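Asks: One structure, pasted below without further comment.
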Amino acid sequence: MASQKPTISVAVVGVGLVGSEFTSQLLALPTSPFRLVSLSSSKKTLFSADGLEFPASSASESTWKSALAVSETPFSLDALRASMTALAQPGGAVLVDNTSSETVAASYPSFLRAGIHVITPNKKAASGDLTLYKDILSACADGGTKYLGESTVGAGLPILSTLGDLVGTGDKVEKIEGVFSGTMSYIFNNFSTGQPGGPSFSSVVNVAREKGYTEPHPADDLNGADVARKLTILSRLIPSLRHLLPHGFVSVQTASLIPPALESISTGDEFVKRLPEFDAEFDRLRESADKEGCVLRFVGVVDATSGVVKAELAKYPKTHPFATSLGGSDNIVMFHTARYGARPLIVQGAGAGAGVTAMGVMSDLLKLV
Ligand SMILES: NC(=O)C1=CN([C@@H]2O[C@H](COP(=O)(O)OP(=O)(O)OC[C@H]3O[C@@H](n4cnc5c(N)ncnc54)[C@H](OP(=O)(O)O)[C@@H]3O)[C@@H](O)[C@H]2O)C=CC1
Ligand SMILES: N[C@@H](CC=O)C(=O)O
Ligand code: NA
């Protein structure tokens, strides 16, 4: 019997750290209902309705990267939507947005209404203005499509699916608290260990960046915005808080760690170059926590009872689980609910990095089948 071509067409936009790893994971699936029809960076695109084919081993990153590098077709969201719409009816079509672009995020409703599912680790849409978020939900209903974003919070960790299950089964979520940033977790797990002294703040930021934990611009982590975005996404999944943040993450009480002199630096490279100028200030913060027998951790809270949503740098006793049980880029998320009572449901593990983030995106893709 002739083998049938996989039926669900997948277009990947964004082939940086996460997008490259996702593409490798997709191409490495031994058997799959998915057909990779398009790959795009901000500048170039490859498209083939029958599925992209590469000269050598299709799972090799250098093979598809070279093919994209020599493409002469500029990337256009409108052209991609038109091509994918034509594929939606025969077997299903999916846009996988692995960018951090506001423009791509704003286009989700048009893809969803055209019958194209949207899967993404990009937080911009779900944590921005409530109008866009609501438009995404109504576009899903109009198009009979799904918007899935597990990796927007805690990378591949099952945070959104856990919250969805709690809410969906009728539990009452009272509070969610934890360490939501892989970058901030890595920084403070290594900078503030509870022992006197330690590495400089700027040096641990550099390592977090090298390990692929930071946002494309690391200031988006250090100003607390990344955590504020994640808290917004969680809030919107709790029925009583759905409309709490009409303007999204900007309304979250957020403590920034960015020295005012570095606030307007536009490139990540320039930002990390200037950061050592402020190491002494961070040393003083560490010493003051140490004198109180505490460590520093950057935490987030969604309090459904008081309606407070905040992201802040806080001091925790050296014996607290946030001080003793976190390593690497770990996130820890505690769900306090009516059913779980005094012993919260806890999810913990690596919360950033290309491999685990791409795994979360892939797990969303698998949910479509
Ligand atoms: N790194 C991590 O641990 C995690 C990341 N995420 C999220 O994953 C997403 C990707 O992160 P990461 O891979 O680190 O980012 P990178 O900066 O490494 O890659 C971004 C990619 O998106 C492309 N791109 C940017 N703007 C556009 C645009 N307007 N249209 C088309 N393509 C565009 C870039 O193209 P070009 O190469 O041409 O610039 C690049 O290929 C982000 O939203 C991030 O928040 C979520 C959880 C964890
Ligand atoms: N920059 C983010 C990546 C995942 O969302 C983080 O550090 O957590
Ligand atoms: Na997740």
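Here's how to read the names in the structure tokens: chain A, B, ... by the order shown, residue numbers from 1 in each chain, ligand numbers from 1 in the order shown.
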Please find the residues contacting ligand 2 at a distance of at most 6 Å between atoms, with only C-alpha atoms and all ligand atoms counted, and report them as a PyMOL selection string.

Replies: chain A and resi 152-153+155+181-183+213-215+221+351-352

Asks: Got a sec: who's within 12 Å of range 194-198 of chain A, counting only C-alpha atoms, leaving out chain neighbours fewer than 3 positions off, as an NGL selection string?

Replies: :A and (187-191 or 201-204 or 279-280 or 282-297 or 315-320 or 322-324)

Asks: Would you list the residues that come within 7 Å of ligand 1? Count only C-alpha atoms and all ligand atoms and give the answer as number ranges by chain.

Replies: A: 13-19, 40-43, 75, 98-101, 103-104, 121-123, 151-155, 212-216, 351-354, 357

Asks: Got a sec to tell me which of range 195-297 of chain A DSSP assigns to strand (DSSP E), as a VMD selection string?

Replies: chain A and resid 253 to 254 294 to 297

Asks: Quick one: contact table of chain A to ligand 3, 12 Å max, nearest atom pair and distance in Å to one decimal per residue, counting only C-alpha atoms and all ligand atoms, chain and number order, as JSON lines?

Replies:
{"residue": "A:Thr120", "atom": "CA", "partner": "ligand 3", "partner_atom_place_in_ligand_line": "1 (Na)", "distance": 10.9}
{"residue": "A:Pro121", "atom": "CA", "partner": "ligand 3", "partner_atom_place_in_ligand_line": "1 (Na)", "distance": 8.7}
{"residue": "A:Asn122", "atom": "CA", "partner": "ligand 3", "partner_atom_place_in_ligand_line": "1 (Na)", "distance": 11.7}
{"residue": "A:Lys123", "atom": "CA", "partner": "ligand 3", "partner_atom_place_in_ligand_line": "1 (Na)", "distance": 11.4}
{"residue": "A:Leu148", "atom": "CA", "partner": "ligand 3", "partner_atom_place_in_ligand_line": "1 (Na)", "distance": 10.5}
{"residue": "A:Gly149", "atom": "CA", "partner": "ligand 3", "partner_atom_place_in_ligand_line": "1 (Na)", "distance": 7.7}
{"residue": "A:Glu150", "atom": "CA", "partner": "ligand 3", "partner_atom_place_in_ligand_line": "1 (Na)", "distance": 4.3}
{"residue": "A:Ser151", "atom": "CA", "partner": "ligand 3", "partner_atom_place_in_ligand_line": "1 (Na)", "distance": 4.2}
{"residue": "A:Thr152", "atom": "CA", "partner": "ligand 3", "partner_atom_place_in_ligand_line": "1 (Na)", "distance": 6.1}
{"residue": "A:Val153", "atom": "CA", "partner": "ligand 3", "partner_atom_place_in_ligand_line": "1 (Na)", "distance": 4.5}
{"residue": "A:Gly154", "atom": "CA", "partner": "ligand 3", "partner_atom_place_in_ligand_line": "1 (Na)", "distance": 4.2}
{"residue": "A:Ala155", "atom": "CA", "partner": "ligand 3", "partner_atom_place_in_ligand_line": "1 (Na)", "distance": 4.3}
{"residue": "A:Gly156", "atom": "CA", "partner": "ligand 3", "partner_atom_place_in_ligand_line": "1 (Na)", "distance": 4.5}
{"residue": "A:Leu157", "atom": "CA", "partner": "ligand 3", "partner_atom_place_in_ligand_line": "1 (Na)", "distance": 4.1}
{"residue": "A:Pro158", "atom": "CA", "partner": "ligand 3", "partner_atom_place_in_ligand_line": "1 (Na)", "distance": 4.8}
{"residue": "A:Ile159", "atom": "CA", "partner": "ligand 3", "partner_atom_place_in_ligand_line": "1 (Na)", "distance": 4.7}
{"residue": "A:Leu160", "atom": "CA", "partner": "ligand 3", "partner_atom_place_in_ligand_line": "1 (Na)", "distance": 5.9}
{"residue": "A:Ser161", "atom": "CA", "partner": "ligand 3", "partner_atom_place_in_ligand_line": "1 (Na)", "distance": 7.7}
{"residue": "A:Thr162", "atom": "CA", "partner": "ligand 3", "partner_atom_place_in_ligand_line": "1 (Na)", "distance": 9.2}
{"residue": "A:Leu163", "atom": "CA", "partner": "ligand 3", "partner_atom_place_in_ligand_line": "1 (Na)", "distance": 10.3}
{"residue": "A:Gly164", "atom": "CA", "partner": "ligand 3", "partner_atom_place_in_ligand_line": "1 (Na)", "distance": 11.6}
{"residue": "A:Phe180", "atom": "CA", "partner": "ligand 3", "partner_atom_place_in_ligand_line": "1 (Na)", "distance": 10.1}
{"residue": "A:Ser181", "atom": "CA", "partner": "ligand 3", "partner_atom_place_in_ligand_line": "1 (Na)", "distance": 11.5}
{"residue": "A:Gly182", "atom": "CA", "partner": "ligand 3", "partner_atom_place_in_ligand_line": "1 (Na)", "distance": 11.7}
{"residue": "A:Lys230", "atom": "CA", "partner": "ligand 3", "partner_atom_place_in_ligand_line": "1 (Na)", "distance": 9.9}
{"residue": "A:Ile233", "atom": "CA", "partner": "ligand 3", "partner_atom_place_in_ligand_line": "1 (Na)", "distance": 11.1}
{"residue": "A:Leu234", "atom": "CA", "partner": "ligand 3", "partner_atom_place_in_ligand_line": "1 (Na)", "distance": 10.7}
{"residue": "A:Asn331", "atom": "CA", "partner": "ligand 3", "partner_atom_place_in_ligand_line": "1 (Na)", "distance": 9.9}
{"residue": "A:Ile332", "atom": "CA", "partner": "ligand 3", "partner_atom_place_in_ligand_line": "1 (Na)", "distance": 11.3}
{"residue": "A:Val333", "atom": "CA", "partner": "ligand 3", "partner_atom_place_in_ligand_line": "1 (Na)", "distance": 10.5}
{"residue": "A:Val347", "atom": "CA", "partner": "ligand 3", "partner_atom_place_in_ligand_line": "1 (Na)", "distance": 9.9}
{"residue": "A:Gln348", "atom": "CA", "partner": "ligand 3", "partner_atom_place_in_ligand_line": "1 (Na)", "distance": 10.5}
{"residue": "A:Gly349", "atom": "CA", "partner": "ligand 3", "partner_atom_place_in_ligand_line": "1 (Na)", "distance": 10.3}
{"residue": "A:Ala350", "atom": "CA", "partner": "ligand 3", "partner_atom_place_in_ligand_line": "1 (Na)", "distance": 10.1}
{"residue": "A:Gly351", "atom": "CA", "partner": "ligand 3", "partner_atom_place_in_ligand_line": "1 (Na)", "distance": 7.8}
{"residue": "A:Ala352", "atom": "CA", "partner": "ligand 3", "partner_atom_place_in_ligand_line": "1 (Na)", "distance": 9.6}
{"residue": "A:Val356", "atom": "CA", "partner": "ligand 3", "partner_atom_place_in_ligand_line": "1 (Na)", "distance": 9.2}
{"residue": "A:Thr357", "atom": "CA", "partner": "ligand 3", "partner_atom_place_in_ligand_line": "1 (Na)", "distance": 7.9}
{"residue": "A:Ala358", "atom": "CA", "partner": "ligand 3", "partner_atom_place_in_ligand_line": "1 (Na)", "distance": 10.4}
{"residue": "A:Met359", "atom": "CA", "partner": "ligand 3", "partner_atom_place_in_ligand_line": "1 (Na)", "distance": 9.6}
{"residue": "A:Gly360", "atom": "CA", "partner": "ligand 3", "partner_atom_place_in_ligand_line": "1 (Na)", "distance": 6.2}
{"residue": "A:Val361", "atom": "CA", "partner": "ligand 3", "partner_atom_place_in_ligand_line": "1 (Na)", "distance": 8.8}
{"residue": "A:Met362", "atom": "CA", "partner": "ligand 3", "partner_atom_place_in_ligand_line": "1 (Na)", "distance": 11.4}
{"residue": "A:Ser363", "atom": "CA", "partner": "ligand 3", "partner_atom_place_in_ligand_line": "1 (Na)", "distance": 9.9}
{"residue": "A:Asp364", "atom": "CA", "partner": "ligand 3", "partner_atom_place_in_ligand_line": "1 (Na)", "distance": 9.9}

Asks: Got a sec to tell me which of range 10-254 of chain A DSSP assigns to alpha helix (DSSP H), as a tab-separated table (two decimals) with C-alpha atoms, in the first residue's frame?

Replies:
chain	number	residue	atom	x	y	z
A	17	LEU	CA	16.94	29.46	19.72
A	18	VAL	CA	13.50	28.01	20.36
A	19	GLY	CA	12.38	27.84	16.72
A	20	SER	CA	15.48	25.91	15.64
A	21	GLU	CA	15.12	23.42	18.45
A	22	PHE	CA	11.40	23.05	17.73
A	23	THR	CA	12.08	22.42	14.04
A	24	SER	CA	14.67	19.78	14.91
A	25	GLN	CA	12.24	18.08	17.33
A	26	LEU	CA	9.47	18.15	14.68
A	27	LEU	CA	11.66	16.72	11.93
A	28	ALA	CA	12.99	14.04	14.28
A	61	GLU	CA	19.68	21.81	11.43
A	62	SER	CA	22.44	22.96	9.11
A	63	THR	CA	20.53	21.52	6.12
A	64	TRP	CA	17.33	23.46	6.59
A	65	LYS	CA	19.16	26.56	7.83
A	66	SER	CA	21.24	26.64	4.64
A	67	ALA	CA	18.11	26.22	2.53
A	68	LEU	CA	16.46	29.14	4.34
A	69	ALA	CA	19.61	31.27	4.08
A	77	LEU	CA	2.62	37.27	7.11
A	78	ASP	CA	-0.17	38.01	4.61
A	79	ALA	CA	1.29	35.66	2.01
A	80	LEU	CA	1.76	32.93	4.63
A	81	ARG	CA	-1.84	33.30	5.83
A	82	ALA	CA	-3.14	33.01	2.24
A	83	SER	CA	-1.04	29.89	1.55
A	84	MET	CA	-1.96	28.24	4.86
A	85	THR	CA	-5.68	29.01	4.43
A	86	ALA	CA	-5.62	26.90	1.28
A	87	LEU	CA	-4.22	23.98	3.32
A	88	ALA	CA	-6.56	24.32	6.32
A	89	GLN	CA	-9.49	22.49	4.77
A	90	PRO	CA	-7.90	19.31	3.41
A	91	GLY	CA	-6.19	18.24	6.63
A	102	GLU	CA	4.08	41.98	18.60
A	103	THR	CA	3.21	42.08	14.89
A	104	VAL	CA	3.02	38.32	14.55
A	105	ALA	CA	1.04	38.15	17.83
A	106	ALA	CA	-1.47	40.73	16.57
A	108	TYR	CA	-3.36	35.50	15.42
A	109	PRO	CA	-7.09	36.35	15.12
A	110	SER	CA	-6.81	36.49	11.32
A	111	PHE	CA	-5.07	33.09	11.19
A	112	LEU	CA	-7.54	31.54	13.65
A	113	ARG	CA	-10.55	32.85	11.73
A	130	LEU	CA	-7.48	42.40	26.85
A	131	THR	CA	-9.08	43.37	23.53
A	132	LEU	CA	-6.58	41.26	21.57
A	133	TYR	CA	-6.90	38.36	24.02
A	134	LYS	CA	-10.71	38.39	23.70
A	135	ASP	CA	-10.44	38.65	19.93
A	136	ILE	CA	-8.23	35.53	19.94
A	137	LEU	CA	-10.84	33.62	21.96
A	138	SER	CA	-13.69	34.69	19.68
A	139	ALA	CA	-11.59	33.97	16.57
A	140	CYS	CA	-11.10	30.39	17.85
A	141	ALA	CA	-14.88	30.04	18.18
A	142	ASP	CA	-15.46	31.56	14.71
A	143	GLY	CA	-12.80	29.45	12.99
A	160	LEU	CA	-1.27	26.26	32.00
A	161	SER	CA	-2.63	22.74	31.55
A	162	THR	CA	-2.60	22.26	35.34
A	163	LEU	CA	-4.39	25.56	35.92
A	164	GLY	CA	-6.86	24.69	33.15
A	165	ASP	CA	-7.58	21.34	34.82
A	166	LEU	CA	-8.05	22.94	38.27
A	167	VAL	CA	-10.46	25.55	36.91
A	168	GLY	CA	-12.16	23.17	34.48
A	182	GLY	CA	14.13	30.99	34.42
A	183	THR	CA	16.52	33.90	33.99
A	184	MET	CA	15.79	35.46	37.39
A	185	SER	CA	15.88	32.02	38.99
A	186	TYR	CA	19.30	31.24	37.49
A	187	ILE	CA	20.61	34.70	38.42
A	188	PHE	CA	19.56	34.63	42.06
A	189	ASN	CA	20.22	30.90	42.64
A	190	ASN	CA	23.84	31.69	41.73
A	191	PHE	CA	24.19	35.28	42.91
A	201	PHE	CA	25.58	40.27	39.23
A	202	SER	CA	26.60	41.13	35.66
A	203	SER	CA	28.59	37.91	35.29
A	204	VAL	CA	25.61	35.69	36.19
A	205	VAL	CA	23.36	37.68	33.83
A	206	ASN	CA	25.87	36.96	31.05
A	207	VAL	CA	25.82	33.23	31.77
A	208	ALA	CA	21.98	33.18	31.83
A	209	ARG	CA	22.08	34.85	28.42
A	210	GLU	CA	24.64	32.37	27.04
A	219	ALA	CA	16.23	43.85	29.95
A	220	ASP	CA	12.78	42.31	29.34
A	221	ASP	CA	13.66	39.79	32.06
A	222	LEU	CA	15.43	42.13	34.47
A	225	ALA	CA	8.06	42.47	32.49
A	226	ASP	CA	8.51	38.80	31.57
A	227	VAL	CA	7.17	37.72	34.97
A	228	ALA	CA	4.39	40.31	34.78
A	229	ARG	CA	3.39	38.87	31.40
A	230	LYS	CA	3.26	35.34	32.82
A	231	LEU	CA	1.15	36.49	35.78
A	232	THR	CA	-1.25	38.19	33.36
A	233	ILE	CA	-1.58	35.00	31.33
A	234	LEU	CA	-2.35	33.01	34.50
A	235	SER	CA	-4.83	35.62	35.79

Asks: Do you have the CA of Thr254 in chain A-CA of Gly128 in chain A distance handy?

Replies: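 It comes out at 15.0 Å.
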
Asks: Considering only C-alpha atoms, can you say which of A:Ser192, A:Lys367, A:Arg242, A:Asn223 comes closest to Leu326 in chain A?

Replies: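 So, comparing all the options, the nearest one is A:Ser192.
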
Asks: In terms of the shortest atom-to-atom distance over only C-alpha atoms, which of A:Leu241, A:Leu313, A:Ile8, A:Val301 is closest to Val37 in chain A?

Replies: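 The shortest atom-to-atom distance to Val37 in chain A comes from A:Ile8.
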
Asks: When you count only C-alpha atoms, which of these residues is closest to Pro260 in chain A: A:Phe278, A:Phe54, A:Phe335, A:Phe47?

Replies: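 Using only C-alpha atoms, Pro260 in chain A sits closest to A:Phe278.
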
Asks: Can you tell me how far CA of Lys146 in chain A sits from CA of Ser38 in chain A, in Å to one decimal?

Replies: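 Rounded to one decimal, the two atoms are 19.4 Å apart.
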
Asks: Would you mind reading off the distance between CA of Asp171 in chain A and CA of Thr337 in chain A, one decimal, in Å?

Replies: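 Atom-to-atom, CA of Asp171 in chain A to CA of Thr337 in chain A, that is 6.6 Å.
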
Asks: Rank A:Leu52, A:Val302, A:Leu275, A:Leu365 by their smallest atom-to-atom distance to Val118 in chain A, using only C-alpha atoms, and report the top residue only.

Replies: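 Selected residue with least distance to Val118 in chain A: A:Leu365.
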